[in-house]
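Engineer: The structure that follows is given in the form of structure tokens.
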Amino acid sequence: MAFREYRIGAVMFGAALSLSMFITLVVPSFNIFSVGSTALALEKQLTYGFNSGWNPDDMFLTGANKPLKVLLKQDPQTDAVMEPVHAYVFPANARFPSGILHPKVLGAGSDVLSVEQGKINEASEAQGAVFLVRSGEHNGKAYPYIENVSATRGWSPDAVLKVAGDANTSHAGAGKTIFVREGCWWCHTLLPEQTQDFQYFGAPPYLGDFNGESPTTFGSDRKAPDLLHVGSRNSSKEWMMMHFFNPRLVQPHSIMPRFDYLWGKTDANGDQIDYAAWRKEFVEYRNGERVTPPEVPNYRSDSEIRYLIDFVLNLK
Amino acid sequence: MLMKYLMGKNEDIPPGTASIFFSFSAIVWFIIGTGLGSFNAAKLAFPDWVTGFEFFAFGKMRQVHVMAVIFGWISMAFAAAMMYITPALGNTKLWSEKLGVWSCMNWNIGLAVGLFTLWMGMTSGREYSDFIYPIDLILLFGVLIPVALNVWMTIAKRRTQGIYTTNWFFAASIFMLLIVLLVGNLPEYFHLTGLTEAYLTWWNAHNILGLWITPVAAAIAYYTIPKITGNPLYSHRIGHLHFWSIVIFYSTPAAHHLMSAPLPEWLKSFASVEGVLILVPAIAFVSNILLTLQGKWNMFVENIEIRFTVTGVLLAIPLNMQGGFQQTRSINWYIHGTGWIVAHAHLALLGFSTFIEVAAVYYGLQVLMKRKLYSLALANFHFWMLLIGFSIYWIAMTIAGLIQGAGKIYEVPYIDIVVAEHPYMIARWFGGTLVFLGNCVWLYNMYMTAREGTPVPAGRMVHELAYER
């Protein structure tokens, strides 16, 4: 630093960069931290759990340690029929989302209600817990909040899963991990744009829809339809099955890759899936040598495709 | 030989070794990166082309291509240029040749491991910071900090009085890169979520481009053009303007990548205004370089390194015109998320910056190995393969983007857009493949230069010698 100018220059450089970081990081963070959650943000956190990208609890992104979303029509303690509710079940050792670990993430109002009325700070990851999304009032204003029904009503994860049954259980949380791992977001966005294109794709999200979600996978390069509300446009599980096994079965011009490998080795009956034979028959069908396409196998209830389809159909 | 250098004494390693290793690594990663790009493009044009292999699915390979070209090709070429140009401008040796060789080896290994994990689906799910954070930390501490140290110490120990423009850019940019990677990955280290995560993802992505790739590429041009033409830099004052406006304007518009996302409106407007101000460093840079060429424009035709560099600089003009204006609200709503942006990104990375770095690698390798380029004909072939391949790619993707934009605002059924884009997807694949093939020829040419290039006599500069082939 032989010259005084260089010392001055270095100081100015530091000052300029710090100012820029202050404006682009510190100031917006006040704004972003003060955003309160919408009910959707609470539902998403409880559906997806701690993190859907790589994290030490799920190193290979298999969807391990994720919560389950169940549609509950009976009280798990008394078996009495009740108004159906969505309950979010965290089996023992499933990681809680940010909002439960740090209620502040939920935003003003929701945090107080979730702790005072929802008792979320009594939930323990080691034992697991069941949560509901409720709405309540704080200082005369309505806020959504999270209720830890394991603490308030004594519902245990196992009991809830049992009365709900597999048919009413959604693995959307594990499915989001598969969505991240398989790179669906390189083609599909989860962000109908605020300006123009949401009449078909549905409403753009609100500021408060993301509290506690990670990663948000908005997607930047849209080569395919936006999926934020795809479950409202198309809720057919059969269509999804065919489309994922080979998109060209339902949409001959599609450029979407096949995701047949998510079925795994065996189908719902435990029989080996013969992919080579399937592909051969598909080529025959495409070449007009067969009238009907080969049958898409039914998936196992613990297959990755099940998780993924649960996730997609949950995008309402 | 590698072992000898890794374990040997610093004094025993010939000057330039680190830069030579980095240059050849960069070329190899360029081939891998563009090869992956071509493969991915083929998947988009012909989705049933390779099926049955989970790991050849588009969604698993797309990010591997991006990270290979950014951290393999572009950043390694930068490291090669830094390890060679920084000491040359300081009239000294590299601070530690040994540390340089180690950085190069760590970089290759770290990147290979990183790309492999990414390919296996282990991703953070955040664009441009896709690597899982342990890999980020390895690259940061095992590679980038050592490279930075080498650059800073070489500048501190220089034997000239002043510091030339290129060297302030190098020193500052690598510092900014370290900060950007540290801050940009905070959501992964500390599990920050929601809009914070979304915003920091794009803060990181924007600043890697704006504070690392753009200024370092420009800094290289500030060296190669005066060095090879023999003209002094047109104006150091304009160089100052360029430097300070990069620091001040280029570091702020991160939010313009999320113009139609739910972020605070003031932030988006602020980012958009700052985004237009990117034109200040851009115009300063381009005019400075083009004015430096006064009286030497014949070299644009006659000298391959100048041709590459100036082509890169000329490509910076449309690049910055797009960059300045496409992020304003009045244009962004039309082209956001379409192939237009993909074309723009390739204009920046494959157009502007790659052409400048290719020149630096051509020139640096000849100087350091003291050998004249093996074949001018092959170098010309490489140039045209890159330029034609890139142009086909860029034009195809820009048109595809405009089609997508129209489809987006008129909300036509999406499949119609897919059908309309199909010819452009084939063109994109074709253009990308030309780039890939050109690079294979380049590697051969440089390998042959190392083995059979005519030795440059002591005291002569490589560009003074005539080509033999």
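Order determines the names: the first chain of the structure tokens is A, the second B, and so forth; residues in each chain are numbered 1 upward, and ligands are numbered 1 upward as they are shown.
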Report the closest atom pair, with its distance in Å rounded to one decimal, for each residue of chain B that has an atom no farther than 7 Å from chain A; count only C-alpha atoms, sort by chain and then rising residue number, and write it as JSON lines.

Structural biologist:
{"residue": "B:Leu44", "atom": "CA", "partner": "A:Ile255", "partner_atom": "CA", "distance": 6.1}
{"residue": "B:Pro47", "atom": "CA", "partner": "A:Ile255", "partner_atom": "CA", "distance": 5.2}
{"residue": "B:Glu54", "atom": "CA", "partner": "A:Tyr261", "partner_atom": "CA", "distance": 6.5}
{"residue": "B:Ala57", "atom": "CA", "partner": "A:Pro257", "partner_atom": "CA", "distance": 6.5}
{"residue": "B:Phe58", "atom": "CA", "partner": "A:Pro257", "partner_atom": "CA", "distance": 6.8}
{"residue": "B:Gly59", "atom": "CA", "partner": "A:Gly183", "partner_atom": "CA", "distance": 4.0}
{"residue": "B:Lys60", "atom": "CA", "partner": "A:Glu182", "partner_atom": "CA", "distance": 6.0}
{"residue": "B:Gly121", "atom": "CA", "partner": "A:Arg181", "partner_atom": "CA", "distance": 5.0}
{"residue": "B:Met122", "atom": "CA", "partner": "A:Phe60", "partner_atom": "CA", "distance": 5.8}
{"residue": "B:Thr123", "atom": "CA", "partner": "A:Trp54", "partner_atom": "CA", "distance": 5.5}
{"residue": "B:Ser124", "atom": "CA", "partner": "A:Gly53", "partner_atom": "CA", "distance": 4.6}
{"residue": "B:Gly125", "atom": "CA", "partner": "A:Gly53", "partner_atom": "CA", "distance": 5.3}
{"residue": "B:Arg126", "atom": "CA", "partner": "A:Pro215", "partner_atom": "CA", "distance": 6.6}
{"residue": "B:Ile132", "atom": "CA", "partner": "A:Trp54", "partner_atom": "CA", "distance": 6.4}
{"residue": "B:Ala156", "atom": "CA", "partner": "A:Met1", "partner_atom": "CA", "distance": 6.9}
{"residue": "B:Gln161", "atom": "CA", "partner": "A:Ala2", "partner_atom": "CA", "distance": 6.9}
{"residue": "B:Thr193", "atom": "CA", "partner": "A:Gly212", "partner_atom": "CA", "distance": 4.9}
{"residue": "B:Gly194", "atom": "CA", "partner": "A:Phe210", "partner_atom": "CA", "distance": 4.5}
{"residue": "B:Leu195", "atom": "CA", "partner": "A:Phe210", "partner_atom": "CA", "distance": 6.1}
{"residue": "B:Thr196", "atom": "CA", "partner": "A:Ile32", "partner_atom": "CA", "distance": 6.8}
{"residue": "B:Glu197", "atom": "CA", "partner": "A:Pro215", "partner_atom": "CA", "distance": 6.9}
{"residue": "B:Ala198", "atom": "CA", "partner": "A:Thr216", "partner_atom": "CA", "distance": 6.1}
{"residue": "B:Val247", "atom": "CA", "partner": "A:Leu17", "partner_atom": "CA", "distance": 6.4}
{"residue": "B:Ile248", "atom": "CA", "partner": "A:Ala16", "partner_atom": "CA", "distance": 6.2}
{"residue": "B:Ser251", "atom": "CA", "partner": "A:Ser20", "partner_atom": "CA", "distance": 6.4}
{"residue": "B:Thr252", "atom": "CA", "partner": "A:Ser20", "partner_atom": "CA", "distance": 6.0}
{"residue": "B:Ser260", "atom": "CA", "partner": "A:Gln194", "partner_atom": "CA", "distance": 5.2}
{"residue": "B:Ala261", "atom": "CA", "partner": "A:Glu193", "partner_atom": "CA", "distance": 6.6}
{"residue": "B:Pro262", "atom": "CA", "partner": "A:Leu207", "partner_atom": "CA", "distance": 5.0}
{"residue": "B:Leu263", "atom": "CA", "partner": "A:Leu207", "partner_atom": "CA", "distance": 6.5}
{"residue": "B:Trp333", "atom": "CA", "partner": "A:Thr195", "partner_atom": "CA", "distance": 6.2}
{"residue": "B:Gly337", "atom": "CA", "partner": "A:Asp221", "partner_atom": "CA", "distance": 4.5}
{"residue": "B:Thr338", "atom": "CA", "partner": "A:Asp221", "partner_atom": "CA", "distance": 5.8}
{"residue": "B:Lys408", "atom": "CA", "partner": "A:Asp197", "partner_atom": "CA", "distance": 5.8}
{"residue": "B:Ile409", "atom": "CA", "partner": "A:Asp197", "partner_atom": "CA", "distance": 5.6}
{"residue": "B:Glu411", "atom": "CA", "partner": "A:Asp197", "partner_atom": "CA", "distance": 6.3}
{"residue": "B:Tyr414", "atom": "CA", "partner": "A:Pro225", "partner_atom": "CA", "distance": 6.0}
{"residue": "B:Ile415", "atom": "CA", "partner": "A:Ser254", "partner_atom": "CA", "distance": 7.0}
{"residue": "B:Val419", "atom": "CA", "partner": "A:His253", "partner_atom": "CA", "distance": 6.5}

Engineer: Mind writing the picked residues with C-alpha atoms as a PDB file, in the first residue's frame?

Structural biologist:
ATOM      1  CA  LEU B  44     -35.427 -30.830 -24.205  1.00  0.00           C
ATOM      2  CA  PRO B  47     -37.425 -36.092 -24.398  1.00  0.00           C
ATOM      3  CA  GLU B  54     -32.558 -42.178 -13.624  1.00  0.00           C
ATOM      4  CA  ALA B  57     -33.080 -37.236 -16.377  1.00  0.00           C
ATOM      5  CA  PHE B  58     -33.119 -33.574 -17.286  1.00  0.00           C
ATOM      6  CA  GLY B  59     -33.904 -32.402 -13.774  1.00  0.00           C
ATOM      7  CA  LYS B  60     -30.815 -34.112 -12.380  1.00  0.00           C
ATOM      8  CA  GLY B 121     -29.797 -35.401  -6.418  1.00  0.00           C
ATOM      9  CA  MET B 122     -28.180 -34.002  -3.290  1.00  0.00           C
ATOM     10  CA  THR B 123     -29.105 -30.379  -3.719  1.00  0.00           C
ATOM     11  CA  SER B 124     -30.044 -27.453  -1.558  1.00  0.00           C
ATOM     12  CA  GLY B 125     -32.837 -26.658  -4.008  1.00  0.00           C
ATOM     13  CA  ARG B 126     -31.570 -23.104  -4.416  1.00  0.00           C
ATOM     14  CA  ILE B 132     -24.985 -28.682  -0.473  1.00  0.00           C
ATOM     15  CA  ALA B 156       1.184  -6.560  -1.666  1.00  0.00           C
ATOM     16  CA  GLN B 161       4.815   1.488  -7.388  1.00  0.00           C
ATOM     17  CA  THR B 193     -36.614 -19.710   5.525  1.00  0.00           C
ATOM     18  CA  GLY B 194     -39.401 -18.162   3.516  1.00  0.00           C
ATOM     19  CA  LEU B 195     -38.905 -14.913   1.646  1.00  0.00           C
ATOM     20  CA  THR B 196     -35.507 -14.468   3.268  1.00  0.00           C
ATOM     21  CA  GLU B 197     -34.379 -17.676   1.631  1.00  0.00           C
ATOM     22  CA  ALA B 198     -35.929 -16.734  -1.710  1.00  0.00           C
ATOM     23  CA  VAL B 247     -19.123  -1.717  -6.500  1.00  0.00           C
ATOM     24  CA  ILE B 248     -21.955   0.716  -5.989  1.00  0.00           C
ATOM     25  CA  SER B 251     -24.104  -4.875  -6.013  1.00  0.00           C
ATOM     26  CA  THR B 252     -27.623  -3.607  -5.367  1.00  0.00           C
ATOM     27  CA  SER B 260     -43.124 -10.627 -10.166  1.00  0.00           C
ATOM     28  CA  ALA B 261     -42.701 -12.405  -6.854  1.00  0.00           C
ATOM     29  CA  PRO B 262     -44.123 -11.257  -3.538  1.00  0.00           C
ATOM     30  CA  LEU B 263     -41.325  -9.100  -2.155  1.00  0.00           C
ATOM     31  CA  TRP B 333     -43.608  -8.769 -17.184  1.00  0.00           C
ATOM     32  CA  GLY B 337     -39.100 -16.716 -16.747  1.00  0.00           C
ATOM     33  CA  THR B 338     -38.913 -17.299 -20.496  1.00  0.00           C
ATOM     34  CA  LYS B 408     -47.784 -16.261 -21.215  1.00  0.00           C
ATOM     35  CA  ILE B 409     -49.668 -13.021 -21.504  1.00  0.00           C
ATOM     36  CA  GLU B 411     -52.568 -17.480 -21.631  1.00  0.00           C
ATOM     37  CA  TYR B 414     -49.256 -24.389 -22.337  1.00  0.00           C
ATOM     38  CA  ILE B 415     -48.827 -27.338 -24.633  1.00  0.00           C
ATOM     39  CA  VAL B 419     -45.125 -27.310 -29.671  1.00  0.00           C
TER      40      VAL B 419
END

Engineer: I want to know what sits within 9 Å of stretch 9-17 of chain B, based on only C-alpha atoms, with residues of the same chain fewer than 6 positions away left out; could you give that as a PDB file with C-alpha atoms, in the first residue's frame?

Structural biologist:
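Okay, this is what ended up in part.pdb:
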ATOM      1  CA  MET B  83      -2.135 -16.432 -11.202  1.00  0.00           C
ATOM      2  CA  TYR B  84      -0.469 -15.257 -14.368  1.00  0.00           C
ATOM      3  CA  LYS B  93       6.524 -13.780  -9.046  1.00  0.00           C
ATOM      4  CA  LEU B  94       3.365 -15.349  -7.758  1.00  0.00           C
ATOM      5  CA  SER B  96       3.259 -18.987  -3.660  1.00  0.00           C
ATOM      6  CA  GLU B  97       3.340 -21.205  -6.700  1.00  0.00           C
ATOM      7  CA  LYS B  98       2.894 -24.194  -4.421  1.00  0.00           C
ATOM      8  CA  LEU B  99      -0.262 -22.854  -2.845  1.00  0.00           C
ATOM      9  CA  GLY B 100      -1.499 -22.187  -6.369  1.00  0.00           C
ATOM     10  CA  VAL B 101      -0.918 -25.790  -7.419  1.00  0.00           C
ATOM     11  CA  LEU B 365      -0.564 -20.562 -21.992  1.00  0.00           C
ATOM     12  CA  LEU B 368       3.950 -19.339 -19.733  1.00  0.00           C
ATOM     13  CA  MET B 369       4.923 -22.376 -21.744  1.00  0.00           C
TER      14      MET B 369
END

Engineer: Running DSSP on the backbone, which parts of stretch 12-128 of chain B land in alpha helix (DSSP H), as a PyMOL selection string?

Structural biologist: chain B and resi 17-45+58-67+75-90+97-119

Engineer: Contacts of B:Gly431 at 10 Å or less, counting only C-alpha atoms, minus same-chain residues fewer than 2 places along, as an mmCIF file with N, CA and C atoms, in the first residue's frame?

Structural biologist:
data_model
loop_
_atom_site.group_PDB
_atom_site.id
_atom_site.type_symbol
_atom_site.label_atom_id
_atom_site.label_comp_id
_atom_site.auth_asym_id
_atom_site.auth_seq_id
_atom_site.Cartn_x
_atom_site.Cartn_y
_atom_site.Cartn_z
ATOM 1 N N SER B 38 -25.008 -29.540 -24.034
ATOM 2 C CA SER B 38 -25.528 -30.081 -25.281
ATOM 3 C C SER B 38 -26.441 -31.276 -25.014
ATOM 4 N N ALA B 41 -29.739 -30.043 -23.691
ATOM 5 C CA ALA B 41 -30.540 -29.436 -24.746
ATOM 6 C C ALA B 41 -31.185 -30.529 -25.586
ATOM 7 N N MET B 385 -16.507 -21.754 -34.412
ATOM 8 C CA MET B 385 -17.444 -22.701 -33.797
ATOM 9 C C MET B 385 -18.111 -22.048 -32.585
ATOM 10 N N LEU B 386 -17.330 -21.358 -31.762
ATOM 11 C CA LEU B 386 -17.919 -20.704 -30.595
ATOM 12 C C LEU B 386 -18.885 -19.616 -31.026
ATOM 13 N N LEU B 387 -18.453 -18.787 -31.967
ATOM 14 C CA LEU B 387 -19.300 -17.642 -32.309
ATOM 15 C C LEU B 387 -20.572 -18.090 -33.023
ATOM 16 N N ILE B 388 -20.429 -19.005 -33.978
ATOM 17 C CA ILE B 388 -21.619 -19.436 -34.709
ATOM 18 C C ILE B 388 -22.526 -20.246 -33.786
ATOM 19 N N GLY B 389 -21.911 -21.146 -33.025
ATOM 20 C CA GLY B 389 -22.709 -21.960 -32.106
ATOM 21 C C GLY B 389 -23.459 -21.090 -31.117
ATOM 22 N N PHE B 390 -22.738 -20.154 -30.544
ATOM 23 C CA PHE B 390 -23.381 -19.264 -29.584
ATOM 24 C C PHE B 390 -24.485 -18.459 -30.252
ATOM 25 N N SER B 391 -24.216 -17.929 -31.462
ATOM 26 C CA SER B 391 -25.228 -17.080 -32.107
ATOM 27 C C SER B 391 -26.496 -17.865 -32.404
ATOM 28 N N ILE B 392 -26.317 -19.099 -32.883
ATOM 29 C CA ILE B 392 -27.509 -19.915 -33.150
ATOM 30 C C ILE B 392 -28.285 -20.099 -31.847
ATOM 31 N N TYR B 393 -27.556 -20.434 -30.813
ATOM 32 C CA TYR B 393 -28.191 -20.642 -29.520
ATOM 33 C C TYR B 393 -28.948 -19.395 -29.088
ATOM 34 N N TRP B 394 -28.265 -18.263 -29.165
ATOM 35 C CA TRP B 394 -28.842 -17.035 -28.625
ATOM 36 C C TRP B 394 -30.087 -16.624 -29.420
ATOM 37 N N ILE B 395 -29.967 -16.702 -30.740
ATOM 38 C CA ILE B 395 -31.113 -16.291 -31.554
ATOM 39 C C ILE B 395 -32.288 -17.235 -31.295
ATOM 40 N N ALA B 396 -31.994 -18.539 -31.261
ATOM 41 C CA ALA B 396 -33.084 -19.499 -31.058
ATOM 42 C C ALA B 396 -33.763 -19.268 -29.717
ATOM 43 N N MET B 425 -35.858 -25.462 -29.898
ATOM 44 C CA MET B 425 -35.137 -26.354 -28.986
ATOM 45 C C MET B 425 -34.112 -27.176 -29.771
ATOM 46 N N ILE B 426 -34.480 -27.553 -30.996
ATOM 47 C CA ILE B 426 -33.525 -28.305 -31.816
ATOM 48 C C ILE B 426 -32.363 -27.387 -32.196
ATOM 49 N N ALA B 427 -32.673 -26.140 -32.567
ATOM 50 C CA ALA B 427 -31.617 -25.198 -32.939
ATOM 51 C C ALA B 427 -30.691 -24.955 -31.751
ATOM 52 N N ARG B 428 -31.271 -24.859 -30.585
ATOM 53 C CA ARG B 428 -30.482 -24.621 -29.382
ATOM 54 C C ARG B 428 -29.500 -25.767 -29.152
ATOM 55 N N TRP B 429 -29.995 -26.957 -29.337
ATOM 56 C CA TRP B 429 -29.146 -28.127 -29.154
ATOM 57 C C TRP B 429 -28.021 -28.117 -30.187
ATOM 58 N N THR B 433 -24.053 -27.793 -29.405
ATOM 59 C CA THR B 433 -23.159 -28.873 -29.801
ATOM 60 C C THR B 433 -21.954 -28.325 -30.567
ATOM 61 N N LEU B 434 -22.173 -27.302 -31.391
ATOM 62 C CA LEU B 434 -21.041 -26.692 -32.097
ATOM 63 C C LEU B 434 -20.023 -26.152 -31.094
ATOM 64 N N VAL B 435 -20.534 -25.501 -30.057
ATOM 65 C CA VAL B 435 -19.625 -24.962 -29.042
ATOM 66 C C VAL B 435 -18.817 -26.092 -28.414
ATOM 67 N N PHE B 436 -19.503 -27.163 -28.101
ATOM 68 C CA PHE B 436 -18.830 -28.314 -27.484
ATOM 69 C C PHE B 436 -17.735 -28.864 -28.402
#

Engineer: Would you list the contacts of B:Pro134 as a ChimeraX atom specification, taking every protein, DNA or RNA residue within 10 Å and counting only C-alpha atoms, but skipping same-chain residues closer than 6 positions in sequence?

Structural biologist: /B:114,140,188-189

Engineer: What does the structure give for the distance between atom CA of B:Ile306 and atom CA of B:Ala360, in Å to one decimal?

Structural biologist: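 That distance, rounded to one decimal, is 9.7 Å.
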
Engineer: Counting only C-alpha atoms, which residues in stretch 19-100 of chain A sit no more than 12 Å from stretch 307-315 of chain A? For each one, give the nearest pair of atoms and the distance in Å, sorted by chain then residue number, as JSON lines.

Structural biologist:
{"residue": "A:Leu40", "atom": "CA", "partner": "A:Leu315", "partner_atom": "CA", "distance": 10.8}
{"residue": "A:Glu43", "atom": "CA", "partner": "A:Asn314", "partner_atom": "CA", "distance": 10.8}
{"residue": "A:Lys44", "atom": "CA", "partner": "A:Leu315", "partner_atom": "CA", "distance": 9.9}
{"residue": "A:Thr47", "atom": "CA", "partner": "A:Phe311", "partner_atom": "CA", "distance": 9.3}
{"residue": "A:Tyr48", "atom": "CA", "partner": "A:Phe311", "partner_atom": "CA", "distance": 9.4}
{"residue": "A:Ser52", "atom": "CA", "partner": "A:Phe311", "partner_atom": "CA", "distance": 12.0}
{"residue": "A:Thr62", "atom": "CA", "partner": "A:Tyr307", "partner_atom": "CA", "distance": 9.9}
{"residue": "A:Gly63", "atom": "CA", "partner": "A:Tyr307", "partner_atom": "CA", "distance": 8.2}
{"residue": "A:Ala64", "atom": "CA", "partner": "A:Tyr307", "partner_atom": "CA", "distance": 11.0}
{"residue": "A:Lys66", "atom": "CA", "partner": "A:Tyr307", "partner_atom": "CA", "distance": 10.7}
{"residue": "A:Pro67", "atom": "CA", "partner": "A:Tyr307", "partner_atom": "CA", "distance": 11.6}
{"residue": "A:Leu68", "atom": "CA", "partner": "A:Tyr307", "partner_atom": "CA", "distance": 10.2}
{"residue": "A:Lys69", "atom": "CA", "partner": "A:Asn314", "partner_atom": "CA", "distance": 9.6}
{"residue": "A:Val70", "atom": "CA", "partner": "A:Asp310", "partner_atom": "CA", "distance": 11.2}
{"residue": "A:Leu71", "atom": "CA", "partner": "A:Asn314", "partner_atom": "CA", "distance": 11.9}
{"residue": "A:His86", "atom": "CA", "partner": "A:Asn314", "partner_atom": "CA", "distance": 11.8}

Engineer: With distances taken over only C-alpha atoms, which residue among B:Leu2, B:Leu402, B:Met153, B:Leu118 lies nearest B:Thr86?

Structural biologist: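 Looking only at the distances to B:Thr86, the closest residue turns out to be B:Met153.
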
Engineer: Name all residues at most 7 Å from B:Gly312 (count only C-alpha atoms; drop same-chain ones fewer than 5 positions away) and give them as a compact mmCIF listing (two decimals) with all heavy atoms, in the first residue's frame.

Structural biologist:
# COMPACT_ATOMS: atom_id res chain seq x y z
N GLY B 351 -21.10 -15.71 -24.12
CA GLY B 351 -20.70 -14.64 -25.04
C GLY B 351 -19.62 -13.79 -24.40
O GLY B 351 -18.43 -14.12 -24.45
N PHE B 352 -20.05 -12.73 -23.77
CA PHE B 352 -19.13 -11.76 -23.18
C PHE B 352 -17.97 -12.39 -22.40
O PHE B 352 -16.80 -12.28 -22.78
CB PHE B 352 -19.96 -10.82 -22.30
CG PHE B 352 -19.19 -10.09 -21.24
CD1 PHE B 352 -18.26 -9.13 -21.60
CD2 PHE B 352 -19.41 -10.34 -19.90
CE1 PHE B 352 -17.54 -8.46 -20.63
CE2 PHE B 352 -18.70 -9.67 -18.93
CZ PHE B 352 -17.76 -8.73 -19.29
N SER B 353 -18.27 -13.11 -21.33
CA SER B 353 -17.14 -13.48 -20.47
C SER B 353 -16.31 -14.61 -21.06
O SER B 353 -15.08 -14.57 -20.99
CB SER B 353 -17.63 -13.77 -19.04
OG SER B 353 -17.80 -15.14 -18.84
N PHE B 355 -15.59 -15.40 -24.16
CA PHE B 355 -14.69 -15.00 -25.24
C PHE B 355 -13.46 -14.30 -24.67
O PHE B 355 -12.34 -14.50 -25.17
CB PHE B 355 -15.41 -14.10 -26.26
CG PHE B 355 -16.16 -14.89 -27.28
CD1 PHE B 355 -17.38 -15.46 -26.98
CD2 PHE B 355 -15.63 -15.10 -28.55
CE1 PHE B 355 -18.07 -16.22 -27.91
CE2 PHE B 355 -16.31 -15.86 -29.49
CZ PHE B 355 -17.53 -16.42 -29.17
N ILE B 356 -13.67 -13.49 -23.64
CA ILE B 356 -12.52 -12.80 -23.05
C ILE B 356 -11.59 -13.79 -22.36
O ILE B 356 -10.36 -13.72 -22.47
CB ILE B 356 -13.02 -11.71 -22.08
CG1 ILE B 356 -13.72 -10.62 -22.87
CG2 ILE B 356 -11.88 -11.14 -21.27
CD1 ILE B 356 -14.30 -9.51 -22.03

Engineer: Env of B:Phe30: 12 Å cut, atoms = only C-alpha atoms, seq-sep filter 3 positions within chain, self excluded. Answer as a ChimeraX atom specification.

Structural biologist: /B:22-27,33-38,65-77,349-350,354,357-358,361,386,435-443

Engineer: Tell me, as a PyMOL selection string, which residues lie within 7 Å of stretch 126-138 of chain A, counting only C-alpha atoms; anything in the same chain fewer than 4 positions away does not count.

Structural biologist: chain A and resi 42-43+86-94+109+142-150+155-157

Engineer: Just how far from atom CA of B:Leu6 is atom CA of B:Gly142, in Å to one decimal?

Structural biologist: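 Calculated distance between atom CA of B:Gly142 and atom CA of B:Leu6 is 14.6 Å.
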